[in-house]
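data_37.txt (compact mmCIF, N, CA and C atoms) appears below.
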```txt
# COMPACT_ATOMS: atom_id res chain seq x y z
N THR A 1 0.82 -1.19 0.00
CA THR A 1 0.00 0.00 0.00
C THR A 1 0.86 1.25 0.00
N ILE A 2 2.01 1.19 0.66
CA ILE A 2 2.89 2.35 0.69
C ILE A 2 3.40 2.66 -0.71
N LEU A 3 3.77 1.64 -1.48
CA LEU A 3 4.24 1.89 -2.85
C LEU A 3 3.13 2.48 -3.72
N ALA A 4 1.92 2.03 -3.53
CA ALA A 4 0.79 2.58 -4.29
C ALA A 4 0.62 4.05 -3.95
N GLN A 5 0.74 4.39 -2.67
CA GLN A 5 0.64 5.79 -2.28
C GLN A 5 1.80 6.60 -2.85
N CYS A 6 2.99 6.00 -2.91
CA CYS A 6 4.14 6.68 -3.50
C CYS A 6 3.86 7.05 -4.95
N LEU A 7 3.28 6.13 -5.70
CA LEU A 7 2.97 6.39 -7.09
C LEU A 7 1.99 7.55 -7.20
N GLU A 8 0.95 7.51 -6.41
CA GLU A 8 -0.07 8.56 -6.47
C GLU A 8 0.50 9.91 -6.05
N VAL A 9 1.37 9.91 -5.04
CA VAL A 9 2.00 11.16 -4.59
C VAL A 9 2.99 11.66 -5.63
N SER A 10 3.75 10.75 -6.24
CA SER A 10 4.76 11.18 -7.21
C SER A 10 4.12 11.79 -8.45
N PHE A 11 2.92 11.34 -8.81
CA PHE A 11 2.24 11.88 -9.98
C PHE A 11 1.17 12.86 -9.50
N ASP A 12 1.63 13.91 -8.84
CA ASP A 12 0.76 14.92 -8.27
C ASP A 12 -0.01 15.65 -9.36
N GLY A 13 -1.28 15.88 -9.14
CA GLY A 13 -2.08 16.66 -10.08
C GLY A 13 -2.74 15.85 -11.17
N VAL A 14 -2.85 14.53 -11.00
CA VAL A 14 -3.41 13.69 -12.06
C VAL A 14 -4.86 14.05 -12.37
N GLU A 15 -5.63 14.43 -11.35
CA GLU A 15 -7.03 14.79 -11.58
C GLU A 15 -7.15 16.05 -12.42
N GLU A 16 -6.32 17.05 -12.10
CA GLU A 16 -6.32 18.28 -12.88
C GLU A 16 -5.89 18.01 -14.32
N LEU A 17 -4.90 17.16 -14.48
CA LEU A 17 -4.44 16.80 -15.82
C LEU A 17 -5.55 16.11 -16.61
N GLU A 18 -6.24 15.18 -15.98
CA GLU A 18 -7.35 14.50 -16.66
C GLU A 18 -8.45 15.49 -17.05
N ALA A 19 -8.73 16.44 -16.18
CA ALA A 19 -9.75 17.46 -16.50
C ALA A 19 -9.32 18.29 -17.70
N ASN A 20 -8.05 18.67 -17.75
CA ASN A 20 -7.55 19.44 -18.89
C ASN A 20 -7.63 18.63 -20.18
N LEU A 21 -7.32 17.34 -20.09
CA LEU A 21 -7.33 16.50 -21.29
C LEU A 21 -8.74 16.26 -21.81
N SER A 22 -9.71 16.37 -20.94
CA SER A 22 -11.10 16.15 -21.38
C SER A 22 -11.64 17.30 -22.21
N ASP A 23 -10.94 18.43 -22.22
CA ASP A 23 -11.34 19.58 -23.04
C ASP A 23 -10.88 19.32 -24.48
N ARG A 24 -11.81 18.94 -25.34
CA ARG A 24 -11.49 18.57 -26.72
C ARG A 24 -11.03 19.76 -27.56
N ASN A 25 -11.16 20.98 -27.04
CA ASN A 25 -10.70 22.16 -27.78
C ASN A 25 -9.21 22.42 -27.58
N ARG A 26 -8.62 21.72 -26.65
CA ARG A 26 -7.18 21.89 -26.42
C ARG A 26 -6.37 21.17 -27.49
N ASP A 27 -5.27 21.75 -27.86
CA ASP A 27 -4.36 21.21 -28.86
C ASP A 27 -3.67 19.95 -28.33
N ALA A 28 -3.53 18.95 -29.19
CA ALA A 28 -2.90 17.69 -28.79
C ALA A 28 -1.44 17.89 -28.38
N VAL A 29 -0.74 18.80 -29.04
CA VAL A 29 0.66 19.04 -28.68
C VAL A 29 0.73 19.63 -27.27
N ARG A 30 -0.16 20.55 -26.98
CA ARG A 30 -0.20 21.13 -25.63
C ARG A 30 -0.53 20.06 -24.59
N ASN A 31 -1.49 19.21 -24.90
CA ASN A 31 -1.84 18.11 -23.99
C ASN A 31 -0.66 17.18 -23.79
N PHE A 32 0.03 16.85 -24.88
CA PHE A 32 1.18 15.96 -24.79
C PHE A 32 2.26 16.58 -23.90
N CYS A 33 2.57 17.84 -24.12
CA CYS A 33 3.62 18.50 -23.33
C CYS A 33 3.24 18.58 -21.85
N GLU A 34 1.97 18.85 -21.56
CA GLU A 34 1.54 18.89 -20.16
C GLU A 34 1.64 17.51 -19.52
N PHE A 35 1.19 16.49 -20.24
CA PHE A 35 1.30 15.12 -19.72
C PHE A 35 2.77 14.76 -19.50
N LEU A 36 3.60 15.07 -20.49
CA LEU A 36 5.02 14.75 -20.40
C LEU A 36 5.67 15.45 -19.21
N GLU A 37 5.30 16.68 -18.97
CA GLU A 37 5.85 17.41 -17.82
C GLU A 37 5.51 16.68 -16.52
N HIS A 38 4.26 16.29 -16.37
CA HIS A 38 3.85 15.56 -15.17
C HIS A 38 4.59 14.22 -15.07
N LEU A 39 4.71 13.53 -16.18
CA LEU A 39 5.34 12.22 -16.19
C LEU A 39 6.83 12.31 -15.84
N VAL A 40 7.53 13.27 -16.43
CA VAL A 40 8.96 13.43 -16.14
C VAL A 40 9.15 13.81 -14.67
N GLU A 41 8.31 14.69 -14.16
CA GLU A 41 8.39 15.04 -12.73
C GLU A 41 8.19 13.80 -11.87
N ALA A 42 7.19 12.99 -12.22
CA ALA A 42 6.89 11.80 -11.43
C ALA A 42 8.00 10.76 -11.51
N GLN A 43 8.61 10.63 -12.69
CA GLN A 43 9.67 9.63 -12.87
C GLN A 43 10.99 10.10 -12.26
N ASN A 44 11.12 11.39 -12.04
CA ASN A 44 12.41 11.96 -11.65
C ASN A 44 12.39 12.46 -10.21
N ASN A 45 11.54 11.86 -9.37
CA ASN A 45 11.60 12.16 -7.95
C ASN A 45 11.84 10.85 -7.20
N ASP A 46 12.15 10.95 -5.93
CA ASP A 46 12.53 9.75 -5.17
C ASP A 46 11.41 8.71 -5.10
N PHE A 47 10.15 9.15 -4.92
CA PHE A 47 9.04 8.21 -4.89
C PHE A 47 8.92 7.47 -6.22
N GLY A 48 8.94 8.23 -7.30
CA GLY A 48 8.79 7.63 -8.62
C GLY A 48 9.91 6.68 -8.96
N ARG A 49 11.15 7.06 -8.64
CA ARG A 49 12.30 6.18 -8.91
C ARG A 49 12.17 4.88 -8.12
N CYS A 50 11.78 4.99 -6.87
CA CYS A 50 11.62 3.81 -6.02
C CYS A 50 10.59 2.87 -6.63
N LEU A 51 9.46 3.40 -7.00
CA LEU A 51 8.39 2.57 -7.55
C LEU A 51 8.80 1.96 -8.88
N ASN A 52 9.45 2.73 -9.73
CA ASN A 52 9.85 2.21 -11.03
C ASN A 52 10.87 1.09 -10.92
N LEU A 53 11.77 1.20 -9.96
CA LEU A 53 12.78 0.17 -9.80
C LEU A 53 12.20 -1.11 -9.20
N ILE A 54 11.21 -0.96 -8.33
CA ILE A 54 10.60 -2.15 -7.71
C ILE A 54 9.46 -2.67 -8.57
N GLY A 55 8.56 -1.79 -8.98
CA GLY A 55 7.42 -2.19 -9.79
C GLY A 55 6.39 -2.97 -8.98
N PRO A 56 5.24 -3.26 -9.58
CA PRO A 56 4.18 -3.95 -8.84
C PRO A 56 4.37 -5.48 -8.76
N ALA A 57 5.28 -6.04 -9.52
CA ALA A 57 5.40 -7.50 -9.61
C ALA A 57 5.56 -8.21 -8.25
N PRO A 58 6.44 -7.73 -7.35
CA PRO A 58 6.59 -8.48 -6.09
C PRO A 58 5.44 -8.27 -5.10
N LEU A 59 4.55 -7.35 -5.40
CA LEU A 59 3.44 -7.07 -4.51
C LEU A 59 2.31 -8.06 -4.72
N LYS A 60 1.44 -8.11 -3.75
CA LYS A 60 0.30 -9.03 -3.82
C LYS A 60 -0.99 -8.26 -3.61
N GLY A 61 -2.07 -8.81 -4.11
CA GLY A 61 -3.42 -8.36 -3.80
C GLY A 61 -3.72 -6.92 -4.13
N GLU A 62 -4.30 -6.24 -3.16
CA GLU A 62 -4.82 -4.88 -3.36
C GLU A 62 -3.72 -3.89 -3.75
N ALA A 63 -2.56 -3.98 -3.13
CA ALA A 63 -1.48 -3.04 -3.43
C ALA A 63 -1.04 -3.17 -4.89
N ARG A 64 -0.84 -4.42 -5.35
CA ARG A 64 -0.45 -4.64 -6.74
C ARG A 64 -1.52 -4.14 -7.69
N ASP A 65 -2.77 -4.46 -7.39
CA ASP A 65 -3.89 -4.05 -8.24
C ASP A 65 -4.03 -2.54 -8.29
N ARG A 66 -3.80 -1.89 -7.16
CA ARG A 66 -3.91 -0.43 -7.10
C ARG A 66 -2.84 0.23 -7.97
N ILE A 67 -1.61 -0.28 -7.92
CA ILE A 67 -0.54 0.27 -8.76
C ILE A 67 -0.83 0.02 -10.23
N ARG A 68 -1.23 -1.19 -10.55
CA ARG A 68 -1.53 -1.51 -11.96
C ARG A 68 -2.68 -0.66 -12.49
N LYS A 69 -3.67 -0.42 -11.65
CA LYS A 69 -4.81 0.40 -12.06
C LYS A 69 -4.36 1.84 -12.34
N PHE A 70 -3.48 2.36 -11.50
CA PHE A 70 -2.97 3.72 -11.71
C PHE A 70 -2.10 3.78 -12.96
N GLN A 71 -1.26 2.78 -13.15
CA GLN A 71 -0.43 2.74 -14.36
C GLN A 71 -1.31 2.68 -15.61
N ARG A 72 -2.36 1.89 -15.55
CA ARG A 72 -3.29 1.79 -16.69
C ARG A 72 -3.99 3.12 -16.93
N ARG A 73 -4.32 3.82 -15.87
CA ARG A 73 -4.93 5.15 -15.99
C ARG A 73 -4.01 6.09 -16.77
N LEU A 74 -2.73 6.07 -16.42
CA LEU A 74 -1.76 6.91 -17.13
C LEU A 74 -1.62 6.47 -18.59
N GLN A 75 -1.58 5.17 -18.82
CA GLN A 75 -1.47 4.63 -20.18
C GLN A 75 -2.64 5.11 -21.03
N LEU A 76 -3.85 5.02 -20.50
CA LEU A 76 -5.03 5.44 -21.25
C LEU A 76 -5.02 6.94 -21.53
N MET A 77 -4.54 7.72 -20.58
CA MET A 77 -4.46 9.16 -20.80
C MET A 77 -3.51 9.47 -21.95
N LEU A 78 -2.34 8.84 -21.94
CA LEU A 78 -1.36 9.10 -23.00
C LEU A 78 -1.88 8.61 -24.34
N GLU A 79 -2.50 7.44 -24.36
CA GLU A 79 -3.06 6.93 -25.62
C GLU A 79 -4.15 7.85 -26.16
N GLN A 80 -4.92 8.45 -25.26
CA GLN A 80 -5.95 9.42 -25.67
C GLN A 80 -5.30 10.64 -26.34
N ILE A 81 -4.23 11.13 -25.75
CA ILE A 81 -3.53 12.28 -26.32
C ILE A 81 -2.95 11.92 -27.69
N LEU A 82 -2.32 10.76 -27.79
CA LEU A 82 -1.74 10.35 -29.07
C LEU A 82 -2.83 10.16 -30.13
N GLY A 83 -3.96 9.60 -29.73
CA GLY A 83 -5.09 9.46 -30.65
C GLY A 83 -5.63 10.82 -31.10
N GLN A 84 -5.71 11.74 -30.17
CA GLN A 84 -6.17 13.10 -30.50
C GLN A 84 -5.21 13.73 -31.51
N GLY A 85 -3.93 13.53 -31.31
CA GLY A 85 -2.94 14.08 -32.24
C GLY A 85 -3.04 13.46 -33.62
N ARG A 86 -3.37 12.18 -33.67
CA ARG A 86 -3.56 11.52 -34.97
C ARG A 86 -4.79 12.06 -35.67
N GLU A 87 -5.88 12.20 -34.93
CA GLU A 87 -7.12 12.72 -35.53
C GLU A 87 -6.91 14.10 -36.12
N ALA A 88 -6.09 14.91 -35.46
CA ALA A 88 -5.80 16.27 -35.94
C ALA A 88 -4.69 16.28 -36.99
N ARG A 89 -4.21 15.09 -37.36
CA ARG A 89 -3.13 14.93 -38.34
C ARG A 89 -1.84 15.64 -37.91
N LEU A 90 -1.63 15.65 -36.59
CA LEU A 90 -0.40 16.24 -36.05
C LEU A 90 0.64 15.16 -35.75
N PHE A 91 0.16 13.96 -35.39
CA PHE A 91 1.05 12.87 -35.01
C PHE A 91 0.99 11.75 -36.04
N ARG A 92 2.08 11.04 -36.15
CA ARG A 92 2.20 9.94 -37.10
C ARG A 92 1.15 8.87 -36.85
N ASP A 93 0.76 8.22 -37.94
CA ASP A 93 -0.19 7.12 -37.82
C ASP A 93 0.40 5.79 -38.28
N ASP A 94 1.72 5.78 -38.51
CA ASP A 94 2.37 4.55 -38.98
C ASP A 94 3.03 3.76 -37.85
N ILE A 95 2.88 4.22 -36.63
CA ILE A 95 3.44 3.53 -35.47
C ILE A 95 2.30 3.32 -34.48
N SER A 96 2.24 2.15 -33.91
CA SER A 96 1.21 1.81 -32.93
C SER A 96 1.17 2.82 -31.78
N ILE A 97 -0.02 3.25 -31.41
CA ILE A 97 -0.17 4.16 -30.27
C ILE A 97 0.34 3.49 -29.00
N THR A 98 0.05 2.22 -28.82
CA THR A 98 0.49 1.50 -27.63
C THR A 98 2.01 1.43 -27.57
N LEU A 99 2.65 1.16 -28.71
CA LEU A 99 4.11 1.12 -28.76
C LEU A 99 4.70 2.50 -28.47
N THR A 100 4.12 3.53 -29.05
CA THR A 100 4.60 4.89 -28.82
C THR A 100 4.49 5.25 -27.34
N ALA A 101 3.34 4.95 -26.74
CA ALA A 101 3.14 5.24 -25.31
C ALA A 101 4.15 4.47 -24.47
N SER A 102 4.37 3.21 -24.78
CA SER A 102 5.31 2.39 -24.02
C SER A 102 6.73 2.95 -24.12
N PHE A 103 7.09 3.40 -25.31
CA PHE A 103 8.41 4.01 -25.49
C PHE A 103 8.55 5.26 -24.62
N ILE A 104 7.53 6.09 -24.61
CA ILE A 104 7.57 7.33 -23.83
C ILE A 104 7.69 7.02 -22.34
N PHE A 105 6.90 6.04 -21.86
CA PHE A 105 7.01 5.67 -20.45
C PHE A 105 8.40 5.13 -20.14
N GLY A 106 8.92 4.29 -21.01
CA GLY A 106 10.25 3.72 -20.77
C GLY A 106 11.35 4.77 -20.77
N ALA A 107 11.31 5.67 -21.73
CA ALA A 107 12.36 6.69 -21.81
C ALA A 107 12.30 7.65 -20.63
N THR A 108 11.10 8.06 -20.24
CA THR A 108 10.99 8.99 -19.11
C THR A 108 11.36 8.31 -17.80
N ASN A 109 11.28 6.99 -17.78
CA ASN A 109 11.66 6.24 -16.59
C ASN A 109 13.18 6.12 -16.50
N TRP A 110 13.81 5.66 -17.57
CA TRP A 110 15.22 5.31 -17.49
C TRP A 110 16.19 6.44 -17.76
N VAL A 111 15.87 7.38 -18.60
CA VAL A 111 16.82 8.46 -18.88
C VAL A 111 17.16 9.24 -17.60
N PRO A 112 16.16 9.70 -16.83
CA PRO A 112 16.53 10.40 -15.58
C PRO A 112 17.30 9.51 -14.61
N HIS A 113 17.00 8.22 -14.61
CA HIS A 113 17.71 7.29 -13.74
C HIS A 113 19.20 7.25 -14.10
N TRP A 114 19.51 7.13 -15.37
CA TRP A 114 20.90 7.05 -15.81
C TRP A 114 21.62 8.39 -15.68
N LEU A 115 20.90 9.49 -15.82
CA LEU A 115 21.52 10.81 -15.75
C LEU A 115 21.49 11.40 -14.35
N ARG A 116 21.00 10.66 -13.40
CA ARG A 116 20.78 11.19 -12.06
C ARG A 116 22.02 11.83 -11.46
N THR A 117 23.18 11.29 -11.69
CA THR A 117 24.41 11.84 -11.10
C THR A 117 25.06 12.91 -11.97
N THR A 118 24.47 13.21 -13.11
CA THR A 118 25.03 14.22 -14.00
C THR A 118 24.67 15.62 -13.49
N PRO A 119 25.68 16.49 -13.32
CA PRO A 119 25.38 17.86 -12.86
C PRO A 119 24.45 18.57 -13.85
N GLY A 120 23.53 19.34 -13.31
CA GLY A 120 22.61 20.10 -14.16
C GLY A 120 21.58 19.23 -14.84
N CYS A 121 21.23 18.13 -14.25
CA CYS A 121 20.28 17.21 -14.87
C CYS A 121 18.99 17.16 -14.05
N SER A 122 18.37 18.31 -13.92
CA SER A 122 17.10 18.36 -13.20
C SER A 122 15.97 18.09 -14.18
N THR A 123 14.79 17.94 -13.65
CA THR A 123 13.61 17.76 -14.50
C THR A 123 13.47 18.92 -15.46
N ALA A 124 13.70 20.12 -14.98
CA ALA A 124 13.59 21.30 -15.83
C ALA A 124 14.59 21.25 -16.99
N ASP A 125 15.75 20.64 -16.75
CA ASP A 125 16.76 20.51 -17.81
C ASP A 125 16.36 19.45 -18.83
N LEU A 126 15.72 18.38 -18.35
CA LEU A 126 15.36 17.27 -19.23
C LEU A 126 14.14 17.57 -20.10
N LEU A 127 13.18 18.30 -19.56
CA LEU A 127 11.89 18.45 -20.22
C LEU A 127 11.98 19.03 -21.63
N PRO A 128 12.69 20.12 -21.87
CA PRO A 128 12.74 20.63 -23.26
C PRO A 128 13.33 19.61 -24.25
N ALA A 129 14.33 18.87 -23.82
CA ALA A 129 14.93 17.86 -24.69
C ALA A 129 13.94 16.74 -24.96
N PHE A 130 13.23 16.28 -23.93
CA PHE A 130 12.23 15.24 -24.12
C PHE A 130 11.13 15.70 -25.07
N GLU A 131 10.64 16.92 -24.87
CA GLU A 131 9.59 17.44 -25.75
C GLU A 131 10.08 17.46 -27.19
N ASP A 132 11.29 17.93 -27.40
CA ASP A 132 11.83 18.00 -28.75
C ASP A 132 12.00 16.61 -29.36
N ILE A 133 12.60 15.71 -28.63
CA ILE A 133 12.84 14.35 -29.14
C ILE A 133 11.52 13.65 -29.45
N PHE A 134 10.61 13.67 -28.50
CA PHE A 134 9.35 12.95 -28.67
C PHE A 134 8.49 13.59 -29.75
N LEU A 135 8.34 14.91 -29.70
CA LEU A 135 7.45 15.55 -30.68
C LEU A 135 8.01 15.43 -32.10
N ASN A 136 9.30 15.54 -32.26
CA ASN A 136 9.88 15.35 -33.60
C ASN A 136 9.74 13.92 -34.07
N GLY A 137 9.75 12.98 -33.13
CA GLY A 137 9.59 11.58 -33.49
C GLY A 137 8.17 11.18 -33.84
N ILE A 138 7.18 11.85 -33.24
CA ILE A 138 5.79 11.44 -33.47
C ILE A 138 5.03 12.38 -34.39
N ARG A 139 5.62 13.49 -34.79
CA ARG A 139 4.92 14.41 -35.69
C ARG A 139 4.62 13.77 -37.03
N GLN A 140 3.50 14.14 -37.57
CA GLN A 140 3.11 13.68 -38.91
C GLN A 140 4.12 14.23 -39.91
N ARG A 141 4.51 13.40 -40.85
CA ARG A 141 5.51 13.84 -41.86
C ARG A 141 4.83 14.38 -43.09
```
Go through the file and emit its structure as structure tokens.
Amino acid sequence: TILAQCLEVSFDGVEELEANLSDRNRDAVRNFCEFLEHLVEAQNNDFGRCLNLIGPAPLKGEARDRIRKFQRRLQLMLEQILGQGREARLFRDDISITLTASFIFGATNWVPHWLRTTPGCSTADLLPAFEDIFLNGIRQR
């Protein structure tokens, strides 16, 4: 249960983010960048790093289910954003949305982990590079 709470605490503001994403008048790129900012913050703090390194696998019952449910919630949010970007012809449609989302989760998880000891490698330093790399990779050609 403590790890589940860590996940929820590390991804602060998820309800506000979901409310923003439900506004269909918002631009998909803006939604993506806002989601990415929350995700990078969550992956690059002590709670998020702890949870990512342990994961739900060794847990049992309610705690494991609670973490998986929250992870699925994030997955669905990102897939919604990617789908919105495709509908607006802003994002590529030749790569699976699920694969794209998985790549984004993996990169935001491991890049901060590997760069953790690098001077000047705060979330604020990583975010512009992530936005550039991801948006250039998923933009419609």
Nearest to A:Thr100, chosen from A:Val14, A:Ala19, A:Leu78, A:Leu39, with all atoms listed in the file counted in the distances: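 Checking each candidate against A:Thr100, we get A:Leu78 as the closest.
Atom N of A:Lys60 is found 27.8 Å from atom C of A:Phe35.
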Select, from A:Phe103, A:Trp110, A:Phe70, A:Phe91, the residue with the minimum atom-to-atom distance to A:Ala28, counting only C-alpha atoms.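 Among A:Phe103, A:Trp110, A:Phe70, A:Phe91, it is A:Phe91 that comes nearest to A:Ala28.
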What's the 12 Å shell around A:Ile97, counting only C-alpha atoms, without same-chain residues fewer than 5 positions away, as JSON, numbers by chain? {"A": [75, 76, 77, 78, 79, 80, 81, 82, 83, 84, 85, 86, 91, 92, 102, 103, 104, 138]}
Hey, can you check how far atom CA of A:Ser22 sits from atom N of A:Arg73?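 Result for atom CA of A:Ser22 versus atom N of A:Arg73: 15.1 Å, one decimal.
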Which parts of stretch 24-99 of chain A does DSSP call helix (DSSP H, G or I) when run on the backbone here, written out as a PyMOL selection string? chain A and resi 28-43+46-54+61-87+97-99
Would you compute the distance between atom CA of A:Ala42 and atom CA of A:Glu131? Give it in Å to one decimal.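 Interatomic distance here is 15.6 Å.
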Taking all atoms listed in the file into account, name the residue in A:Ala63, A:Ala124, A:Arg68, A:Asn44 that is nearest to A:Thr108. A:Asn44
